[in-house]
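Chemist: First, the structure itself, so that you have it in front of you.
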Amino acid sequence: MRHVTSDLESLTFQSIRHQLIIVDHHWVIHSCNRAWQQGLGQFPPSSDANNNHRHYLHLLEAWALRGRNAATALVAQNLKESGTPFNRNHTYDICVYTIYNEERWFRTELTPLVHTEPIPDTHLALIAHVDITEQKKTERQLKKALSEVRTLRGLLPICAVCKQIKDEEEHWNSVESYLEKHTHAEFTHDICPECIRRLYPKYSNILDKRS
């Protein structure tokens, strides 16, 4: 079965840096480019790799099991239930653990290959795997940063006399300790001009000269 119809198409298929495979309607891998051979094609996910290595859904299931990744397992299940022939595009993200136990993420795009002259039992699809590991790492870092940002909302019970604040556990805290516990603020102490005048009246004239 010839899947690439010209030398130019064959050269393009092999030279693209994204990892490409062509699967039939049984999800068996019929063709792959060099990027796949040097990347995902080198990752034996299980001891029976020789039997499952050419079946794409088996690969997804094995990768999901190896990485204990429910999202990848769900992708495999959804593709299995989507049925064939391939009649629409699919885009999904999968997580793969290499033989070196390195986590890699791929955005995968399945595109049906349309024949000018339909031939029975030759429904094919091109599946492109684009490495988005760095993007996933950035997303995780942003989520972690957002989770660490703490803000104060709502009404805060504050003592009208000593100005202590009551926390969620009904304990009274100084303003400093409450804000340090609920925000990322740190305190350094100083004395405002009004307190200087009240506590140290002999220095009031210095303040008056500055103003």
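Just remember, in the structure tokens the first chain shown is A, the second B, etc., residues are 1-based per chain, and ligands are 1-based in the order shown.
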Once DSSP has gone over the backbone, tell me which residues of segment 35-208 of chain A are in alpha helix (DSSP H), as a PDB file with N, CA and C atoms, in the first residue's frame.

Modeler:
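Writing done, so here's result_18.pdb:
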ATOM      1  N   ALA A  35      11.427  11.514  12.691  1.00  0.00           N
ATOM      2  CA  ALA A  35      11.251  12.113  14.015  1.00  0.00           C
ATOM      3  C   ALA A  35      10.562  11.135  14.963  1.00  0.00           C
ATOM      4  N   TRP A  36       9.579  10.386  14.461  1.00  0.00           N
ATOM      5  CA  TRP A  36       8.907   9.375  15.283  1.00  0.00           C
ATOM      6  C   TRP A  36       9.868   8.243  15.641  1.00  0.00           C
ATOM      7  N   GLN A  37      10.637   7.789  14.662  1.00  0.00           N
ATOM      8  CA  GLN A  37      11.582   6.696  14.910  1.00  0.00           C
ATOM      9  C   GLN A  37      12.613   7.072  15.976  1.00  0.00           C
ATOM     10  N   GLN A  38      13.018   8.344  15.982  1.00  0.00           N
ATOM     11  CA  GLN A  38      14.015   8.803  16.944  1.00  0.00           C
ATOM     12  C   GLN A  38      13.395   9.242  18.268  1.00  0.00           C
ATOM     13  N   ALA A  49       6.209  -5.092  23.749  1.00  0.00           N
ATOM     14  CA  ALA A  49       6.243  -3.975  22.797  1.00  0.00           C
ATOM     15  C   ALA A  49       6.194  -4.458  21.363  1.00  0.00           C
ATOM     16  N   ASN A  50       6.783  -5.621  21.080  1.00  0.00           N
ATOM     17  CA  ASN A  50       6.817  -6.106  19.704  1.00  0.00           C
ATOM     18  C   ASN A  50       5.417  -6.338  19.161  1.00  0.00           C
ATOM     19  N   ASN A  51       4.494  -6.735  20.054  1.00  0.00           N
ATOM     20  CA  ASN A  51       3.135  -6.994  19.612  1.00  0.00           C
ATOM     21  C   ASN A  51       2.298  -5.725  19.559  1.00  0.00           C
ATOM     22  N   ASN A  52       2.533  -4.802  20.492  1.00  0.00           N
ATOM     23  CA  ASN A  52       1.674  -3.633  20.618  1.00  0.00           C
ATOM     24  C   ASN A  52       2.271  -2.375  20.016  1.00  0.00           C
ATOM     25  N   TYR A  56      -1.702   1.818  17.594  1.00  0.00           N
ATOM     26  CA  TYR A  56      -1.628   3.127  18.224  1.00  0.00           C
ATOM     27  C   TYR A  56      -2.409   3.200  19.539  1.00  0.00           C
ATOM     28  N   LEU A  57      -3.606   2.651  19.573  1.00  0.00           N
ATOM     29  CA  LEU A  57      -4.390   2.707  20.811  1.00  0.00           C
ATOM     30  C   LEU A  57      -3.732   1.896  21.920  1.00  0.00           C
ATOM     31  N   HIS A  58      -3.085   0.787  21.565  1.00  0.00           N
ATOM     32  CA  HIS A  58      -2.361   0.011  22.570  1.00  0.00           C
ATOM     33  C   HIS A  58      -1.185   0.811  23.125  1.00  0.00           C
ATOM     34  N   LEU A  59      -0.550   1.593  22.242  1.00  0.00           N
ATOM     35  CA  LEU A  59       0.535   2.454  22.702  1.00  0.00           C
ATOM     36  C   LEU A  59       0.021   3.479  23.704  1.00  0.00           C
ATOM     37  N   LEU A  60      -1.099   4.130  23.361  1.00  0.00           N
ATOM     38  CA  LEU A  60      -1.668   5.127  24.270  1.00  0.00           C
ATOM     39  C   LEU A  60      -2.011   4.505  25.628  1.00  0.00           C
ATOM     40  N   GLU A  61      -2.625   3.343  25.600  1.00  0.00           N
ATOM     41  CA  GLU A  61      -3.006   2.681  26.848  1.00  0.00           C
ATOM     42  C   GLU A  61      -1.775   2.302  27.671  1.00  0.00           C
ATOM     43  N   ALA A  62      -0.725   1.831  26.989  1.00  0.00           N
ATOM     44  CA  ALA A  62       0.499   1.454  27.693  1.00  0.00           C
ATOM     45  C   ALA A  62       1.187   2.686  28.295  1.00  0.00           C
ATOM     46  N   TRP A  63       1.202   3.797  27.535  1.00  0.00           N
ATOM     47  CA  TRP A  63       1.792   5.036  28.067  1.00  0.00           C
ATOM     48  C   TRP A  63       1.003   5.532  29.274  1.00  0.00           C
ATOM     49  N   ALA A  64      -0.322   5.441  29.182  1.00  0.00           N
ATOM     50  CA  ALA A  64      -1.153   5.884  30.303  1.00  0.00           C
ATOM     51  C   ALA A  64      -0.884   5.044  31.546  1.00  0.00           C
ATOM     52  N   LEU A  65      -0.719   3.729  31.355  1.00  0.00           N
ATOM     53  CA  LEU A  65      -0.443   2.839  32.480  1.00  0.00           C
ATOM     54  C   LEU A  65       0.933   3.115  33.070  1.00  0.00           C
ATOM     55  N   ARG A  66       1.907   3.329  32.200  1.00  0.00           N
ATOM     56  CA  ARG A  66       3.278   3.567  32.664  1.00  0.00           C
ATOM     57  C   ARG A  66       3.368   4.857  33.480  1.00  0.00           C
ATOM     58  N   GLY A  67       2.664   5.899  33.018  1.00  0.00           N
ATOM     59  CA  GLY A  67       2.720   7.175  33.717  1.00  0.00           C
ATOM     60  C   GLY A  67       1.583   7.401  34.688  1.00  0.00           C
ATOM     61  N   ALA A  70      -4.425   9.471  33.883  1.00  0.00           N
ATOM     62  CA  ALA A  70      -5.823   9.216  33.541  1.00  0.00           C
ATOM     63  C   ALA A  70      -6.235   9.953  32.277  1.00  0.00           C
ATOM     64  N   ALA A  71      -5.647  11.128  32.027  1.00  0.00           N
ATOM     65  CA  ALA A  71      -6.022  11.904  30.843  1.00  0.00           C
ATOM     66  C   ALA A  71      -5.661  11.157  29.560  1.00  0.00           C
ATOM     67  N   THR A  72      -4.474  10.557  29.526  1.00  0.00           N
ATOM     68  CA  THR A  72      -4.072   9.799  28.342  1.00  0.00           C
ATOM     69  C   THR A  72      -4.943   8.565  28.163  1.00  0.00           C
ATOM     70  N   ALA A  73      -5.293   7.908  29.264  1.00  0.00           N
ATOM     71  CA  ALA A  73      -6.184   6.753  29.184  1.00  0.00           C
ATOM     72  C   ALA A  73      -7.551   7.159  28.635  1.00  0.00           C
ATOM     73  N   LEU A  74      -8.031   8.336  29.043  1.00  0.00           N
ATOM     74  CA  LEU A  74      -9.321   8.823  28.548  1.00  0.00           C
ATOM     75  C   LEU A  74      -9.251   9.127  27.056  1.00  0.00           C
ATOM     76  N   VAL A  75      -8.127   9.664  26.600  1.00  0.00           N
ATOM     77  CA  VAL A  75      -7.943   9.917  25.166  1.00  0.00           C
ATOM     78  C   VAL A  75      -8.062   8.608  24.391  1.00  0.00           C
ATOM     79  N   ALA A  76      -7.363   7.577  24.851  1.00  0.00           N
ATOM     80  CA  ALA A  76      -7.416   6.278  24.171  1.00  0.00           C
ATOM     81  C   ALA A  76      -8.841   5.737  24.134  1.00  0.00           C
ATOM     82  N   GLN A  77      -9.550   5.886  25.244  1.00  0.00           N
ATOM     83  CA  GLN A  77     -10.930   5.393  25.306  1.00  0.00           C
ATOM     84  C   GLN A  77     -11.828   6.162  24.349  1.00  0.00           C
ATOM     85  N   ASN A  78     -11.667   7.492  24.311  1.00  0.00           N
ATOM     86  CA  ASN A  78     -12.499   8.315  23.426  1.00  0.00           C
ATOM     87  C   ASN A  78     -12.233   7.994  21.958  1.00  0.00           C
ATOM     88  N   LEU A  79     -10.955   7.787  21.613  1.00  0.00           N
ATOM     89  CA  LEU A  79     -10.639   7.447  20.225  1.00  0.00           C
ATOM     90  C   LEU A  79     -11.204   6.075  19.856  1.00  0.00           C
ATOM     91  N   LYS A  80     -11.143   5.153  20.797  1.00  0.00           N
ATOM     92  CA  LYS A  80     -11.667   3.807  20.546  1.00  0.00           C
ATOM     93  C   LYS A  80     -13.171   3.862  20.296  1.00  0.00           C
ATOM     94  N   GLU A  81     -13.860   4.748  21.028  1.00  0.00           N
ATOM     95  CA  GLU A  81     -15.319   4.835  20.910  1.00  0.00           C
ATOM     96  C   GLU A  81     -15.759   5.732  19.762  1.00  0.00           C
ATOM     97  N   SER A  82     -14.814   6.517  19.194  1.00  0.00           N
ATOM     98  CA  SER A  82     -15.193   7.442  18.126  1.00  0.00           C
ATOM     99  C   SER A  82     -15.536   6.707  16.836  1.00  0.00           C
ATOM    100  N   THR A 133       6.032  19.936  26.007  1.00  0.00           N
ATOM    101  CA  THR A 133       6.474  19.727  27.382  1.00  0.00           C
ATOM    102  C   THR A 133       6.780  21.048  28.075  1.00  0.00           C
ATOM    103  N   GLU A 134       7.506  21.934  27.410  1.00  0.00           N
ATOM    104  CA  GLU A 134       7.861  23.217  28.021  1.00  0.00           C
ATOM    105  C   GLU A 134       6.618  24.052  28.303  1.00  0.00           C
ATOM    106  N   GLN A 135       5.642  24.000  27.403  1.00  0.00           N
ATOM    107  CA  GLN A 135       4.393  24.723  27.618  1.00  0.00           C
ATOM    108  C   GLN A 135       3.674  24.195  28.859  1.00  0.00           C
ATOM    109  N   LYS A 136       3.641  22.870  29.024  1.00  0.00           N
ATOM    110  CA  LYS A 136       3.003  22.276  30.190  1.00  0.00           C
ATOM    111  C   LYS A 136       3.729  22.668  31.471  1.00  0.00           C
ATOM    112  N   LYS A 137       5.064  22.722  31.422  1.00  0.00           N
ATOM    113  CA  LYS A 137       5.834  23.127  32.599  1.00  0.00           C
ATOM    114  C   LYS A 137       5.497  24.564  32.983  1.00  0.00           C
ATOM    115  N   THR A 138       5.382  25.431  31.971  1.00  0.00           N
ATOM    116  CA  THR A 138       5.036  26.829  32.236  1.00  0.00           C
ATOM    117  C   THR A 138       3.648  26.935  32.845  1.00  0.00           C
ATOM    118  N   GLU A 139       2.696  26.150  32.312  1.00  0.00           N
ATOM    119  CA  GLU A 139       1.337  26.158  32.861  1.00  0.00           C
ATOM    120  C   GLU A 139       1.340  25.729  34.325  1.00  0.00           C
ATOM    121  N   ARG A 140       2.117  24.702  34.648  1.00  0.00           N
ATOM    122  CA  ARG A 140       2.193  24.240  36.036  1.00  0.00           C
ATOM    123  C   ARG A 140       2.784  25.306  36.939  1.00  0.00           C
ATOM    124  N   GLN A 141       3.836  25.981  36.457  1.00  0.00           N
ATOM    125  CA  GLN A 141       4.462  27.029  37.255  1.00  0.00           C
ATOM    126  C   GLN A 141       3.490  28.174  37.516  1.00  0.00           C
ATOM    127  N   LEU A 142       2.699  28.532  36.494  1.00  0.00           N
ATOM    128  CA  LEU A 142       1.717  29.598  36.665  1.00  0.00           C
ATOM    129  C   LEU A 142       0.628  29.185  37.657  1.00  0.00           C
ATOM    130  N   LYS A 143       0.163  27.940  37.549  1.00  0.00           N
ATOM    131  CA  LYS A 143      -0.860  27.469  38.488  1.00  0.00           C
ATOM    132  C   LYS A 143      -0.330  27.460  39.914  1.00  0.00           C
ATOM    133  N   LYS A 144       0.926  27.034  40.069  1.00  0.00           N
ATOM    134  CA  LYS A 144       1.532  27.024  41.395  1.00  0.00           C
ATOM    135  C   LYS A 144       1.660  28.430  41.949  1.00  0.00           C
ATOM    136  N   ALA A 145       2.080  29.375  41.084  1.00  0.00           N
ATOM    137  CA  ALA A 145       2.219  30.759  41.523  1.00  0.00           C
ATOM    138  C   ALA A 145       0.870  31.346  41.929  1.00  0.00           C
ATOM    139  N   LEU A 146      -0.175  31.029  41.139  1.00  0.00           N
ATOM    140  CA  LEU A 146      -1.505  31.541  41.472  1.00  0.00           C
ATOM    141  C   LEU A 146      -2.025  30.948  42.775  1.00  0.00           C
ATOM    142  N   SER A 147      -1.712  29.664  43.004  1.00  0.00           N
ATOM    143  CA  SER A 147      -2.177  29.031  44.240  1.00  0.00           C
ATOM    144  C   SER A 147      -1.498  29.610  45.463  1.00  0.00           C
ATOM    145  N   GLU A 148      -0.297  30.189  45.273  1.00  0.00           N
ATOM    146  CA  GLU A 148       0.432  30.753  46.397  1.00  0.00           C
ATOM    147  C   GLU A 148       0.057  32.208  46.676  1.00  0.00           C
ATOM    148  N   VAL A 175      -2.431  42.919  64.119  1.00  0.00           N
ATOM    149  CA  VAL A 175      -2.530  43.200  62.686  1.00  0.00           C
ATOM    150  C   VAL A 175      -1.343  42.599  61.945  1.00  0.00           C
ATOM    151  N   GLU A 176      -0.133  42.736  62.527  1.00  0.00           N
ATOM    152  CA  GLU A 176       1.055  42.211  61.871  1.00  0.00           C
ATOM    153  C   GLU A 176       0.988  40.704  61.677  1.00  0.00           C
ATOM    154  N   SER A 177       0.672  39.975  62.740  1.00  0.00           N
ATOM    155  CA  SER A 177       0.655  38.513  62.644  1.00  0.00           C
ATOM    156  C   SER A 177      -0.446  38.030  61.712  1.00  0.00           C
ATOM    157  N   TYR A 178      -1.599  38.712  61.715  1.00  0.00           N
ATOM    158  CA  TYR A 178      -2.698  38.299  60.840  1.00  0.00           C
ATOM    159  C   TYR A 178      -2.311  38.484  59.371  1.00  0.00           C
ATOM    160  N   LEU A 179      -1.739  39.632  59.040  1.00  0.00           N
ATOM    161  CA  LEU A 179      -1.379  39.888  57.646  1.00  0.00           C
ATOM    162  C   LEU A 179      -0.225  39.000  57.193  1.00  0.00           C
ATOM    163  N   GLU A 180       0.717  38.716  58.072  1.00  0.00           N
ATOM    164  CA  GLU A 180       1.813  37.824  57.704  1.00  0.00           C
ATOM    165  C   GLU A 180       1.308  36.413  57.422  1.00  0.00           C
ATOM    166  N   LYS A 181       0.256  36.002  58.159  1.00  0.00           N
ATOM    167  CA  LYS A 181      -0.283  34.654  57.980  1.00  0.00           C
ATOM    168  C   LYS A 181      -1.151  34.548  56.728  1.00  0.00           C
ATOM    169  N   HIS A 182      -1.810  35.637  56.332  1.00  0.00           N
ATOM    170  CA  HIS A 182      -2.757  35.578  55.226  1.00  0.00           C
ATOM    171  C   HIS A 182      -2.249  36.236  53.952  1.00  0.00           C
ATOM    172  N   PRO A 193       4.600  60.290  62.650  1.00  0.00           N
ATOM    173  CA  PRO A 193       4.764  61.609  63.256  1.00  0.00           C
ATOM    174  C   PRO A 193       3.810  61.890  64.421  1.00  0.00           C
ATOM    175  N   GLU A 194       2.559  61.427  64.313  1.00  0.00           N
ATOM    176  CA  GLU A 194       1.594  61.691  65.385  1.00  0.00           C
ATOM    177  C   GLU A 194       1.992  60.986  66.676  1.00  0.00           C
ATOM    178  N   CYS A 195       2.494  59.758  66.555  1.00  0.00           N
ATOM    179  CA  CYS A 195       2.919  59.031  67.756  1.00  0.00           C
ATOM    180  C   CYS A 195       4.196  59.639  68.344  1.00  0.00           C
ATOM    181  N   ILE A 196       5.071  60.139  67.483  1.00  0.00           N
ATOM    182  CA  ILE A 196       6.271  60.811  67.996  1.00  0.00           C
ATOM    183  C   ILE A 196       5.881  62.027  68.818  1.00  0.00           C
ATOM    184  N   ARG A 197       4.918  62.814  68.312  1.00  0.00           N
ATOM    185  CA  ARG A 197       4.483  64.007  69.051  1.00  0.00           C
ATOM    186  C   ARG A 197       3.855  63.636  70.390  1.00  0.00           C
ATOM    187  N   ARG A 198       3.111  62.493  70.382  1.00  0.00           N
ATOM    188  CA  ARG A 198       2.430  62.112  71.619  1.00  0.00           C
ATOM    189  C   ARG A 198       3.390  61.499  72.626  1.00  0.00           C
ATOM    190  N   LEU A 199       4.315  60.636  72.149  1.00  0.00           N
ATOM    191  CA  LEU A 199       5.203  59.927  73.062  1.00  0.00           C
ATOM    192  C   LEU A 199       6.494  60.695  73.356  1.00  0.00           C
ATOM    193  N   SER A 204       8.984  67.179  68.935  1.00  0.00           N
ATOM    194  CA  SER A 204       7.931  67.689  68.062  1.00  0.00           C
ATOM    195  C   SER A 204       8.408  68.854  67.224  1.00  0.00           C
ATOM    196  N   ASN A 205       9.290  69.698  67.805  1.00  0.00           N
ATOM    197  CA  ASN A 205       9.753  70.862  67.048  1.00  0.00           C
ATOM    198  C   ASN A 205      10.556  70.457  65.823  1.00  0.00           C
ATOM    199  N   ILE A 206      11.267  69.309  65.902  1.00  0.00           N
ATOM    200  CA  ILE A 206      12.009  68.818  64.720  1.00  0.00           C
ATOM    201  C   ILE A 206      11.046  68.452  63.610  1.00  0.00           C
ATOM    202  N   LEU A 207       9.958  67.785  63.991  1.00  0.00           N
ATOM    203  CA  LEU A 207       8.961  67.390  62.998  1.00  0.00           C
ATOM    204  C   LEU A 207       8.310  68.627  62.374  1.00  0.00           C
ATOM    205  N   ASP A 208       8.048  69.638  63.214  1.00  0.00           N
ATOM    206  CA  ASP A 208       7.406  70.848  62.713  1.00  0.00           C
ATOM    207  C   ASP A 208       8.291  71.573  61.704  1.00  0.00           C
TER     208      ASP A 208
END

Chemist: When you count only C-alpha atoms, which of these residues is closest to Arg107 of chain A: A:Thr151, A:Ser31, A:Thr12, A:Thr91?

Modeler: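 That would be A:Thr91, the residue with the smallest distance to Arg107 of chain A.
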
Chemist: Under the rule that only C-alpha atoms are counted, which of A:Ser174, A:Trp105, A:Ile29, A:Arg68 is the nearest residue to Tyr92 of chain A?

Modeler: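 Using only C-alpha atoms, Tyr92 of chain A sits closest to A:Trp105.
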
Chemist: Enter the distance from atom CA of Lys166 of chain A to atom CA of Gly154 of chain A, in Å, rounded to one decimal.

Modeler: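 Atom CA of Lys166 of chain A sits 12.9 Å away from atom CA of Gly154 of chain A.
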